[in-house]
>>> print(open('data.txt').read())   # compact mmCIF, C-alpha atoms
# COMPACT_ATOMS: atom_id res chain seq x y z
CA MET A 1 -26.31 -1.48 0.02
CA SER A 2 -29.86 -2.68 -0.58
CA ILE A 3 -30.22 -5.77 1.59
CA GLY A 4 -33.57 -6.60 -0.03
CA HIS A 5 -32.11 -6.69 -3.54
CA THR A 6 -29.07 -8.65 -2.40
CA LEU A 7 -31.21 -11.31 -0.70
CA LEU A 8 -33.46 -11.46 -3.78
CA GLY A 9 -30.40 -11.94 -5.99
CA LEU A 10 -29.19 -14.79 -3.75
CA LEU A 11 -32.60 -16.47 -4.15
CA GLU A 12 -32.26 -16.52 -7.94
CA SER A 13 -30.13 -19.65 -7.83
CA GLY A 14 -32.88 -21.57 -5.97
CA PRO A 15 -35.20 -21.48 -2.94
CA ARG A 16 -33.60 -21.11 0.51
CA HIS A 17 -34.52 -20.84 4.16
CA GLY A 18 -34.01 -17.56 6.00
CA TYR A 19 -31.05 -19.05 7.85
CA ASP A 20 -29.34 -20.15 4.59
CA LEU A 21 -29.90 -16.69 3.16
CA LYS A 22 -28.25 -15.04 6.15
CA ARG A 23 -25.30 -17.41 5.92
CA ALA A 24 -24.84 -16.85 2.17
CA PHE A 25 -25.09 -13.07 2.65
CA ASP A 26 -22.57 -13.01 5.51
CA GLU A 27 -20.15 -15.19 3.60
CA LYS A 28 -20.18 -13.12 0.42
CA PHE A 29 -21.00 -9.57 1.50
CA GLY A 30 -21.11 -9.28 5.29
CA HIS A 31 -17.36 -9.37 6.09
CA ASP A 32 -17.53 -6.57 8.62
CA ARG A 33 -21.25 -6.36 9.18
CA PRO A 34 -23.07 -9.69 9.35
CA LEU A 35 -26.87 -9.53 9.13
CA HIS A 36 -29.07 -9.91 12.21
CA TYR A 37 -31.74 -12.59 11.98
CA GLY A 38 -34.31 -9.87 12.62
CA GLN A 39 -33.14 -7.99 9.52
CA VAL A 40 -33.48 -11.12 7.38
CA TYR A 41 -37.00 -11.93 8.56
CA SER A 42 -38.26 -8.35 8.36
CA THR A 43 -36.81 -7.99 4.85
CA MET A 44 -38.33 -11.30 3.74
CA SER A 45 -41.78 -10.32 5.03
CA ARG A 46 -41.57 -7.07 3.10
CA LEU A 47 -40.50 -8.88 -0.09
CA LEU A 48 -43.34 -11.37 0.49
CA LYS A 49 -45.88 -8.58 0.92
CA ASN A 50 -44.67 -6.92 -2.31
CA GLY A 51 -44.95 -10.17 -4.26
CA LEU A 52 -41.22 -10.42 -5.00
CA VAL A 53 -40.84 -13.74 -3.15
CA GLU A 54 -43.26 -16.53 -2.21
CA VAL A 55 -43.23 -19.24 0.41
CA ASP A 56 -42.05 -22.41 -1.29
CA GLY A 57 -42.56 -24.73 1.69
CA ILE A 58 -42.74 -24.82 5.46
CA GLU A 59 -40.86 -27.32 7.61
CA ALA A 60 -41.87 -28.02 11.16
CA GLY A 61 -38.94 -28.62 13.50
CA ASP A 62 -38.21 -28.54 17.20
CA GLY A 63 -38.24 -24.76 17.20
CA PRO A 64 -40.37 -22.36 15.20
CA GLU A 65 -41.53 -23.28 11.67
CA ARG A 66 -38.92 -22.76 8.96
CA LYS A 67 -40.15 -21.09 5.80
CA ARG A 68 -38.41 -21.73 2.51
CA TYR A 69 -38.56 -18.75 0.17
CA ALA A 70 -38.51 -18.70 -3.64
CA ILE A 71 -38.12 -15.68 -5.91
CA THR A 72 -41.11 -14.74 -8.15
CA ASP A 73 -40.96 -13.46 -11.76
CA ALA A 74 -41.59 -9.96 -10.41
CA GLY A 75 -38.63 -10.50 -8.04
CA VAL A 76 -36.34 -11.50 -10.92
CA SER A 77 -37.36 -8.35 -12.86
CA ASP A 78 -36.72 -6.26 -9.75
CA VAL A 79 -33.18 -7.64 -9.39
CA ALA A 80 -32.52 -7.03 -13.11
CA LEU A 81 -33.70 -3.42 -12.82
CA TRP A 82 -31.56 -2.82 -9.71
CA LEU A 83 -28.45 -4.22 -11.38
CA ALA A 84 -29.04 -2.16 -14.54
CA THR A 85 -29.48 1.12 -12.63
CA PRO A 86 -26.20 2.96 -11.98
CA GLU A 87 -25.43 4.00 -8.41
CA LYS A 88 -25.39 7.72 -7.73
CA PRO A 89 -21.78 8.86 -7.32
CA GLU A 90 -21.31 10.35 -3.85
CA PRO A 91 -19.43 13.63 -4.04
CA TYR A 92 -18.72 13.92 -0.27
CA LEU A 93 -19.12 17.67 -0.39
CA GLN A 94 -19.80 17.94 3.33
CA SER A 95 -16.51 16.37 4.33
CA THR A 96 -15.70 16.38 8.05
CA LEU A 97 -12.03 16.59 7.12
CA TYR A 98 -12.57 19.80 5.17
CA THR A 99 -14.48 21.28 8.12
CA LYS A 100 -11.70 20.33 10.53
CA VAL A 101 -9.00 21.89 8.33
CA VAL A 102 -10.90 25.16 7.97
CA LEU A 103 -11.68 25.28 11.69
CA ALA A 104 -8.02 24.62 12.55
CA LEU A 105 -7.02 27.55 10.33
CA LEU A 106 -9.74 29.83 11.72
CA THR A 107 -8.66 29.09 15.29
CA HIS A 108 -4.94 29.42 14.44
CA ARG A 109 -4.18 25.80 15.25
CA ASN A 110 -1.69 23.70 13.27
CA ALA A 111 -3.60 22.44 10.24
CA ALA A 112 -0.51 20.72 8.78
CA ASP A 113 -0.28 18.59 11.95
CA LEU A 114 -3.93 17.70 11.63
CA LEU A 115 -3.37 16.56 8.02
CA ASP A 116 -0.26 14.55 8.95
CA THR A 117 -2.11 12.80 11.76
CA GLN A 118 -5.02 12.03 9.47
CA ARG A 119 -2.66 10.66 6.80
CA SER A 120 -1.14 8.37 9.37
CA GLU A 121 -4.57 7.10 10.44
CA HIS A 122 -5.56 6.48 6.82
CA LEU A 123 -2.32 4.58 6.23
CA ARG A 124 -2.90 2.49 9.35
CA MET A 125 -6.24 1.37 7.93
CA MET A 126 -4.68 0.83 4.49
CA ARG A 127 -2.05 -1.45 6.04
CA ILE A 128 -4.76 -3.56 7.69
CA LEU A 129 -6.60 -3.85 4.36
CA THR A 130 -3.38 -4.63 2.46
CA ASP A 131 -2.61 -7.43 4.93
CA ARG A 132 -6.12 -8.82 4.61
CA LYS A 133 -5.78 -8.69 0.84
CA ARG A 134 -2.47 -10.56 0.95
CA ASN A 135 -3.93 -13.39 2.96
CA GLY A 136 -7.36 -13.46 1.36
CA ASP A 137 -8.99 -14.92 -1.73
CA LEU A 138 -9.91 -13.00 -4.87
CA ALA A 139 -13.22 -11.83 -3.36
CA ASP A 140 -11.33 -10.42 -0.35
CA GLN A 141 -8.87 -8.72 -2.68
CA LEU A 142 -11.64 -7.02 -4.66
CA ILE A 143 -13.50 -5.75 -1.62
CA CYS A 144 -10.27 -4.52 0.03
CA ASP A 145 -9.14 -2.85 -3.21
CA HIS A 146 -12.41 -0.94 -3.37
CA ALA A 147 -11.85 0.39 0.14
CA LEU A 148 -8.14 1.04 -0.55
CA PHE A 149 -8.83 3.14 -3.65
CA HIS A 150 -11.32 5.27 -1.71
CA LEU A 151 -8.85 5.80 1.13
CA GLU A 152 -6.21 6.66 -1.44
CA ALA A 153 -8.51 9.29 -2.92
CA ASP A 154 -8.86 10.85 0.55
CA LEU A 155 -5.08 10.84 0.88
CA ARG A 156 -4.60 12.57 -2.44
CA TRP A 157 -6.97 15.24 -1.22
CA LEU A 158 -4.97 15.51 2.03
CA GLU A 159 -1.73 16.00 0.07
CA LEU A 160 -3.25 18.62 -2.18
CA THR A 161 -4.73 20.45 0.80
CA ALA A 162 -1.40 20.28 2.64
CA ALA A 163 0.24 21.93 -0.38
CA ARG A 164 -2.42 24.67 -0.40
CA LEU A 165 -2.63 25.41 3.32
CA ASP A 166 -1.06 28.88 3.10
CA LYS A 167 -3.51 29.98 0.42
CA LEU A 168 -6.44 28.39 2.24
CA ALA A 169 -5.42 30.15 5.47
CA GLU A 170 -5.44 33.49 3.62
CA ALA A 171 -8.84 32.78 2.08
CA VAL A 172 -10.64 31.66 5.24
CA THR A 173 -9.22 34.28 7.60
CA ARG A 174 -9.72 37.18 5.20
CA MET G 1 25.53 15.42 19.88
CA THR G 2 23.86 12.87 17.66
CA HIS G 3 21.20 10.52 18.93
CA HIS G 4 20.36 7.34 17.06
CA PRO G 5 17.65 4.94 18.27
CA ALA G 6 19.00 1.79 19.89
CA GLY G 7 19.21 -1.30 17.71
CA SER G 8 18.82 0.61 14.46
CA LEU G 9 20.72 -0.73 11.47
CA LEU G 10 20.83 2.56 9.62
CA ALA G 11 20.23 5.90 11.32
CA ALA G 12 20.64 9.56 10.50
CA SER G 13 20.23 12.76 12.46
CA GLY G 14 20.48 16.45 11.71
CA LEU G 15 21.01 15.87 7.98
CA ARG G 16 21.49 19.00 5.90
CA LYS G 17 22.07 19.19 2.18
CA THR G 18 21.87 22.15 -0.17
CA TYR G 19 22.18 22.27 -3.94
CA GLY G 20 23.19 25.87 -4.75
CA PRO G 21 20.43 28.08 -3.36
CA THR G 22 18.07 25.14 -2.82
CA THR G 23 17.87 23.47 0.58
CA ALA G 24 17.04 19.80 -0.02
CA LEU G 25 17.45 18.57 3.56
CA ASP G 26 17.13 20.75 6.63
CA GLY G 27 17.77 18.69 9.74
CA ALA G 28 16.18 15.41 8.61
CA GLU G 29 16.15 12.36 10.92
CA PHE G 30 15.80 8.70 10.04
CA SER G 31 16.19 5.25 11.52
CA ILE G 32 15.42 1.71 10.42
CA HIS G 33 15.78 -1.70 12.06
CA PRO G 34 16.63 -5.01 10.37
CA GLY G 35 13.56 -6.55 8.72
CA GLU G 36 11.63 -3.28 8.84
CA VAL G 37 9.96 -1.62 5.83
CA VAL G 38 9.84 2.17 6.24
CA ALA G 39 8.05 4.34 3.69
CA VAL G 40 9.47 7.82 3.05
CA MET G 41 6.60 9.99 1.87
CA GLY G 42 6.13 13.63 0.98
CA PRO G 43 5.35 15.90 -1.97
CA SER G 44 7.59 16.24 -5.04
CA GLY G 45 10.70 18.22 -4.24
CA SER G 46 10.35 17.70 -0.48
CA GLY G 47 13.76 16.01 -0.19
CA LYS G 48 12.70 12.33 -0.20
CA SER G 49 15.17 11.21 -2.86
CA THR G 50 17.99 13.32 -1.44
CA LEU G 51 17.42 11.63 1.93
CA LEU G 52 17.64 8.22 0.23
CA HIS G 53 20.82 9.20 -1.62
CA CYS G 54 22.45 10.41 1.60
CA LEU G 55 21.40 7.30 3.56
CA ALA G 56 22.78 5.05 0.81
CA GLY G 57 26.11 6.89 0.80
CA ILE G 58 25.63 8.03 -2.80
CA VAL G 59 25.65 11.72 -1.86
CA PRO G 60 27.48 13.07 1.20
CA PRO G 61 25.38 15.38 3.41
CA ASP G 62 26.71 18.89 4.18
CA ALA G 63 26.11 18.30 7.88
CA GLY G 64 24.66 15.68 10.18
CA SER G 65 25.44 12.11 11.09
CA ILE G 66 24.68 8.81 9.37
CA THR G 67 25.58 5.52 10.99
CA TYR G 68 25.36 2.07 9.45
CA ASN G 69 25.63 -0.84 11.85
CA GLY G 70 26.98 1.56 14.46
CA GLN G 71 29.70 2.93 12.17
CA GLU G 72 29.84 6.60 11.17
CA MET G 73 29.60 6.79 7.35
CA ALA G 74 31.52 10.08 7.16
CA GLY G 75 34.53 8.22 8.54
CA LEU G 76 34.66 5.90 5.51
CA SER G 77 36.74 6.55 2.41
CA ASP G 78 35.09 6.66 -1.03
CA THR G 79 36.39 3.15 -1.73
CA GLN G 80 35.01 1.83 1.56
CA ARG G 81 31.64 3.47 0.89
CA SER G 82 31.50 1.90 -2.59
CA ALA G 83 32.36 -1.50 -1.13
CA LEU G 84 29.62 -1.05 1.48
CA ARG G 85 27.08 -0.17 -1.22
CA ARG G 86 28.04 -3.22 -3.28
CA SER G 87 28.02 -5.74 -0.46
CA GLU G 88 25.40 -4.49 2.02
CA PHE G 89 22.95 -2.38 0.02
CA GLY G 90 20.55 -3.16 -2.84
CA PHE G 91 18.85 -0.61 -5.10
CA VAL G 92 15.63 -0.50 -7.09
CA PHE G 93 14.68 2.61 -9.03
CA GLN G 94 11.68 3.65 -11.09
CA PHE G 95 13.15 2.64 -14.47
CA GLY G 96 16.22 2.45 -16.65
CA GLN G 97 18.30 0.31 -14.35
CA LEU G 98 18.84 -2.89 -16.37
CA VAL G 99 21.74 -3.11 -18.80
CA PRO G 100 20.05 -3.44 -22.23
CA GLU G 101 22.89 -5.46 -23.82
CA LEU G 102 22.76 -8.21 -21.18
CA THR G 103 20.10 -10.92 -20.83
CA CYS G 104 17.84 -10.79 -17.78
CA VAL G 105 19.75 -13.53 -15.96
CA GLU G 106 23.05 -11.80 -16.72
CA ASN G 107 21.58 -8.58 -15.34
CA VAL G 108 20.54 -10.28 -12.11
CA ALA G 109 23.90 -12.05 -11.82
CA LEU G 110 25.87 -8.83 -12.47
CA PRO G 111 26.32 -7.68 -8.82
CA LEU G 112 27.66 -11.14 -7.92
CA ARG G 113 30.02 -11.14 -10.91
CA LEU G 114 31.31 -7.68 -9.85
CA ASN G 115 32.01 -9.12 -6.41
CA GLY G 116 34.10 -11.87 -7.99
CA THR G 117 31.67 -14.80 -8.07
CA GLY G 118 32.17 -17.22 -10.98
CA ARG G 119 29.71 -17.09 -13.87
CA LYS G 120 28.02 -20.46 -13.28
CA GLU G 121 27.45 -19.95 -9.59
CA ALA G 122 26.34 -16.33 -10.09
CA GLU G 123 23.77 -17.34 -12.69
CA ARG G 124 22.51 -20.23 -10.56
CA THR G 125 21.90 -17.86 -7.61
CA ALA G 126 20.40 -15.30 -10.02
CA LEU G 127 17.91 -17.85 -11.36
CA ALA G 128 16.85 -18.83 -7.85
CA TRP G 129 16.03 -15.17 -7.14
CA MET G 130 14.26 -14.83 -10.47
CA GLU G 131 12.12 -17.80 -9.50
CA ARG G 132 11.10 -16.10 -6.26
CA LEU G 133 10.15 -13.02 -8.25
CA GLU G 134 8.24 -15.21 -10.75
CA VAL G 135 10.39 -14.24 -13.76
CA ASP G 136 12.66 -17.30 -14.06
CA ASP G 137 11.27 -18.01 -17.55
CA LEU G 138 12.71 -14.70 -18.81
CA GLY G 139 16.37 -15.54 -18.16
CA ALA G 140 17.44 -15.59 -21.81
CA LYS G 141 15.53 -12.45 -22.83
CA ARG G 142 16.96 -8.96 -22.96
CA PRO G 143 15.31 -6.12 -20.98
CA GLY G 144 13.88 -4.67 -24.21
CA GLU G 145 11.93 -7.87 -24.80
CA VAL G 146 10.05 -7.97 -21.47
CA SER G 147 7.15 -5.87 -20.11
CA GLY G 148 7.60 -3.05 -17.59
CA GLY G 149 6.27 -5.18 -14.73
CA GLN G 150 8.53 -8.10 -15.63
CA GLY G 151 11.56 -5.81 -15.99
CA GLN G 152 10.90 -4.34 -12.56
CA ARG G 153 10.76 -7.82 -11.00
CA VAL G 154 14.07 -8.62 -12.69
CA ALA G 155 15.45 -5.40 -11.16
CA VAL G 156 14.17 -6.43 -7.69
CA ALA G 157 15.83 -9.85 -8.12
CA ARG G 158 19.07 -8.09 -9.04
CA ALA G 159 18.82 -5.82 -5.99
CA LEU G 160 18.38 -8.80 -3.68
CA VAL G 161 20.82 -11.25 -5.28
CA THR G 162 23.76 -10.31 -3.02
CA GLY G 163 21.65 -10.70 0.12
CA PRO G 164 21.77 -6.98 1.04
CA ARG G 165 20.93 -5.89 4.57
CA VAL G 166 19.27 -2.71 3.32
CA LEU G 167 17.20 -2.40 0.17
CA PHE G 168 16.69 1.14 -1.13
CA ALA G 169 13.65 1.44 -3.39
CA ASP G 170 12.94 4.83 -5.00
CA GLU G 171 9.41 4.87 -6.48
CA PRO G 172 9.82 1.19 -7.49
CA THR G 173 6.31 0.98 -8.95
CA GLY G 174 6.13 4.50 -10.37
CA ALA G 175 6.15 3.33 -13.99
CA LEU G 176 3.74 0.39 -13.53
CA ASP G 177 -0.04 -0.02 -13.62
CA SER G 178 -1.88 -0.86 -10.37
CA LEU G 179 -1.94 -4.62 -10.81
CA ASN G 180 1.74 -4.96 -11.72
CA GLY G 181 2.75 -2.39 -9.12
CA GLU G 182 1.01 -4.30 -6.35
CA ARG G 183 2.52 -7.62 -7.38
CA VAL G 184 6.00 -6.07 -7.40
CA MET G 185 5.38 -4.68 -3.90
CA GLU G 186 4.07 -8.01 -2.62
CA LEU G 187 7.07 -9.91 -3.96
CA LEU G 188 9.58 -7.23 -2.92
CA THR G 189 8.36 -7.02 0.69
CA GLU G 190 7.96 -10.80 0.98
CA ALA G 191 11.50 -11.41 -0.28
CA ALA G 192 12.95 -8.68 1.94
CA ARG G 193 11.14 -9.98 5.04
CA SER G 194 12.29 -13.53 4.41
CA THR G 195 15.92 -12.36 4.42
CA ASN G 196 15.42 -9.86 7.29
CA ALA G 197 16.56 -7.02 5.01
CA ALA G 198 15.48 -3.48 5.92
CA VAL G 199 13.66 -1.63 3.14
CA VAL G 200 13.77 2.15 2.66
CA LEU G 201 10.82 2.76 0.37
CA VAL G 202 10.50 6.21 -1.19
CA THR G 203 7.02 6.68 -2.61
CA HIS G 204 4.30 9.25 -3.06
CA GLU G 205 1.69 6.53 -3.55
CA ALA G 206 -0.33 5.64 -0.47
CA ARG G 207 -1.21 2.16 -1.72
CA VAL G 208 2.50 1.41 -2.09
CA ALA G 209 3.26 2.90 1.34
CA ALA G 210 0.60 0.57 2.78
CA TYR G 211 3.10 -2.27 2.32
CA SER G 212 5.40 -0.62 4.89
CA ASP G 213 5.47 -1.06 8.66
CA ARG G 214 5.57 2.69 9.30
CA GLU G 215 6.11 5.91 7.43
CA ILE G 216 8.09 9.09 7.81
CA VAL G 217 6.97 12.23 6.06
CA VAL G 218 9.47 14.64 4.52
CA ARG G 219 8.36 18.20 3.95
CA ASP G 220 10.63 21.16 3.15
CA GLY G 221 13.67 19.03 3.94
CA LYS G 222 12.44 18.14 7.44
CA SER G 223 11.31 14.66 8.38
CA ARG G 224 8.53 13.62 10.68
CA ASP G 225 8.28 10.12 12.11
CA MET G 226 4.55 9.51 12.24
CA GLU G 227 4.80 6.59 14.66
CA ARG G 228 6.32 8.84 17.30
CA ALA G 229 4.09 11.78 16.37
CA VAL G 230 0.76 10.02 16.97
>>> encode(input="data.txt", output="structure tokens")
Amino acid sequence: MSIGHTLLGLLESGPRHGYDLKRAFDEKFGHDRPLHYGQVYSTMSRLLKNGLVEVDGIEAGDGPERKRYAITDAGVSDVALWLATPEKPEPYLQSTLYTKVVLALLTHRNAADLLDTQRSEHLRMMRILTDRKRNGDLADQLICDHALFHLEADLRWLELTAARLDKLAEAVTR
Amino acid sequence: MTHHPAGSLLAASGLRKTYGPTTALDGAEFSIHPGEVVAVMGPSGSGKSTLLHCLAGIVPPDAGSITYNGQEMAGLSDTQRSALRRSEFGFVFQFGQLVPELTCVENVALPLRLNGTGRKEAERTALAWMERLEVDDLGAKRPGEVSGGQGQRVAVARALVTGPRVLFADEPTGALDSLNGERVMELLTEAARSTNAAVVLVTHEARVAAYSDREIVVRDGKSRDMERAV
């Protein structure tokens, strides 16, 4: 995820301090990975340097000065361009799971066991996400669903591979 | 000798079942505790549904032991097994389970009526279950007049109306889209947990299995309990 673009997008609704930005980011997007203050300030200085934000005001407090940032017209155009550009689909061609299955077959270990164990681990994570979804709001449900559908895709691959293990064993040990 | 885990409500060991030349079950094991949701997973033709049918006493296994509440099922007569199914077990299938000539509330009340409950009381209990499954406004409609998701919730209400101790669900969301399927699973597992019913959930869908507490995998008629395997 582009942190710069996300912070810019959050600024579109009005100027904010770095601390407010971090809080808004963590609340909406940082469920598992909240931002470090350092990341916020380094990102804001880069956006400032590139003319995508400007300093809207400075407040002196007990601690260091607090800058309030506002998005510029160039910043708004940058957010619009980012939103309009599709993300590159990731084909995961260098899958660790694939490598493990092939290596298990090459070394005459039990590849079916490996797949069963992996399925169980995927399901464990899916149960955690399903629980979180049950107890969460709509935003939680959407973010968990995204993860659940990806895990499900992995599982479908696991099932298909399990069904093809004999053929795969023949092909890789030939 | 058969070994069934302590405290299990329904348990099976060494189950074998063949249909002509086809071996459907080849030494399958199973156990479930009250209030537990266990997913039975595995590829098509692996023996999942046969396992469910044996556990529910619908099909007798060729060999092996099944105990319900500590009692050996093979020792029961056909009549006793039918009575057990009617009073202790509930069933939800993929589709085609509601009687098209009856209204939805009559469908839900049907198991109670078959057990001898009067019409008024049966329909009152049925409506309470329909409310829990969020379909109480469909009472007067016939199954042909409701959507697939609604019909499946009516079917879940019917399966739970007698207060079964084990709910057997065979691909209960197989004919539904994601959103409806998930809602059915949420309501089904919530309702089962609130009554401490055990749920045997046959599914090939991982997102459905994610509503379970643990899964067993059936492959080539053999089962594998993943909780004990890991």
>>> interface_residues(input="data.txt", of="chain G", to="chain A", cutoff="7 Å", atoms="all atoms listed in the file", output="PyMOL selection string")
chain G and resi 206-207+210-211+226+230
>>> residues_near_point(input="data.txt", point="(17.7, -17.9, -15.6)", cutoff="8 Å", atoms="all atoms listed in the file", output="ChimeraX atom specification")
/G:104-105,123-124,126-128,130,136-140
>>> atom_distance(input="data.txt", atom1="atom CA of Glu215 of chain G", atom2="atom CA of Pro5 of chain G")
15.9 Å
>>> residues_around(input="data.txt", residues="Leu98 of chain G", least_positions_apart="5", cutoff="7 Å", atoms="all atoms listed in the file", output="number ranges by chain")
G: 107, 143, 155
>>> write_last_selection(input="data.txt", atoms="C-alpha atoms", output="PDB file, keeping the file's coordinate frame")
ATOM      1  CA  ASN G 107      21.580  -8.580 -15.340  1.00  0.00           C
ATOM      2  CA  PRO G 143      15.310  -6.120 -20.980  1.00  0.00           C
ATOM      3  CA  ALA G 155      15.450  -5.400 -11.160  1.00  0.00           C
TER       4      ALA G 155
END
>>> atom_distance(input="data.txt", atom1="atom CA of Thr125 of chain G", atom2="atom CA of Leu84 of chain G")
20.6 Å
>>> closest_residue(input="data.txt", among="G:Arg132, G:Arg183, G:Arg219, G:His204", to="Gly47 of chain G", atoms="only C-alpha atoms")
G:Arg219
>>> residues_near_point(input="data.txt", point="(-23.0, -15.4, 1.0)", cutoff="12 Å", atoms="only C-alpha atoms", output="PDB file with C-alpha atoms, keeping the file's coordinate frame")
ATOM      1  CA  THR A   6     -29.070  -8.650  -2.400  1.00  0.00           C
ATOM      2  CA  LEU A   7     -31.210 -11.310  -0.700  1.00  0.00           C
ATOM      3  CA  GLY A   9     -30.400 -11.940  -5.990  1.00  0.00           C
ATOM      4  CA  LEU A  10     -29.190 -14.790  -3.750  1.00  0.00           C
ATOM      5  CA  LEU A  11     -32.600 -16.470  -4.150  1.00  0.00           C
ATOM      6  CA  TYR A  19     -31.050 -19.050   7.850  1.00  0.00           C
ATOM      7  CA  ASP A  20     -29.340 -20.150   4.590  1.00  0.00           C
ATOM      8  CA  LEU A  21     -29.900 -16.690   3.160  1.00  0.00           C
ATOM      9  CA  LYS A  22     -28.250 -15.040   6.150  1.00  0.00           C
ATOM     10  CA  ARG A  23     -25.300 -17.410   5.920  1.00  0.00           C
ATOM     11  CA  ALA A  24     -24.840 -16.850   2.170  1.00  0.00           C
ATOM     12  CA  PHE A  25     -25.090 -13.070   2.650  1.00  0.00           C
ATOM     13  CA  ASP A  26     -22.570 -13.010   5.510  1.00  0.00           C
ATOM     14  CA  GLU A  27     -20.150 -15.190   3.600  1.00  0.00           C
ATOM     15  CA  LYS A  28     -20.180 -13.120   0.420  1.00  0.00           C
ATOM     16  CA  PHE A  29     -21.000  -9.570   1.500  1.00  0.00           C
ATOM     17  CA  GLY A  30     -21.110  -9.280   5.290  1.00  0.00           C
ATOM     18  CA  HIS A  31     -17.360  -9.370   6.090  1.00  0.00           C
ATOM     19  CA  PRO A  34     -23.070  -9.690   9.350  1.00  0.00           C
ATOM     20  CA  LEU A  35     -26.870  -9.530   9.130  1.00  0.00           C
ATOM     21  CA  ALA A 139     -13.220 -11.830  -3.360  1.00  0.00           C
TER      22      ALA A 139
END
>>> closest_residue(input="data.txt", among="G:Ala209, G:Ala63, G:Val108, G:Ile216", to="Glu182 of chain G", atoms="all atoms listed in the file")
G:Ala209
>>> residues_around(input="data.txt", residues="segment 65-77 of chain A", least_positions_apart="3", cutoff="12 Å", atoms="all atoms listed in the file", output="number ranges by chain")
A: 4-21, 40-41, 43-45, 47-62, 80-84
>>> atom_distance(input="data.txt", atom1="atom CA of Gly221 of chain G", atom2="atom CA of Leu15 of chain G")
9.0 Å
>>> axis_aligned_box(input="data.txt", around="segment 92-105 of chain A", padding_each_side="4 Å", output="lines of an AutoDock Vina configuration file")
center_x = -13.4
center_y = 20.7
center_z = 6.1
size_x = 20.8
size_y = 21.6
size_z = 20.9
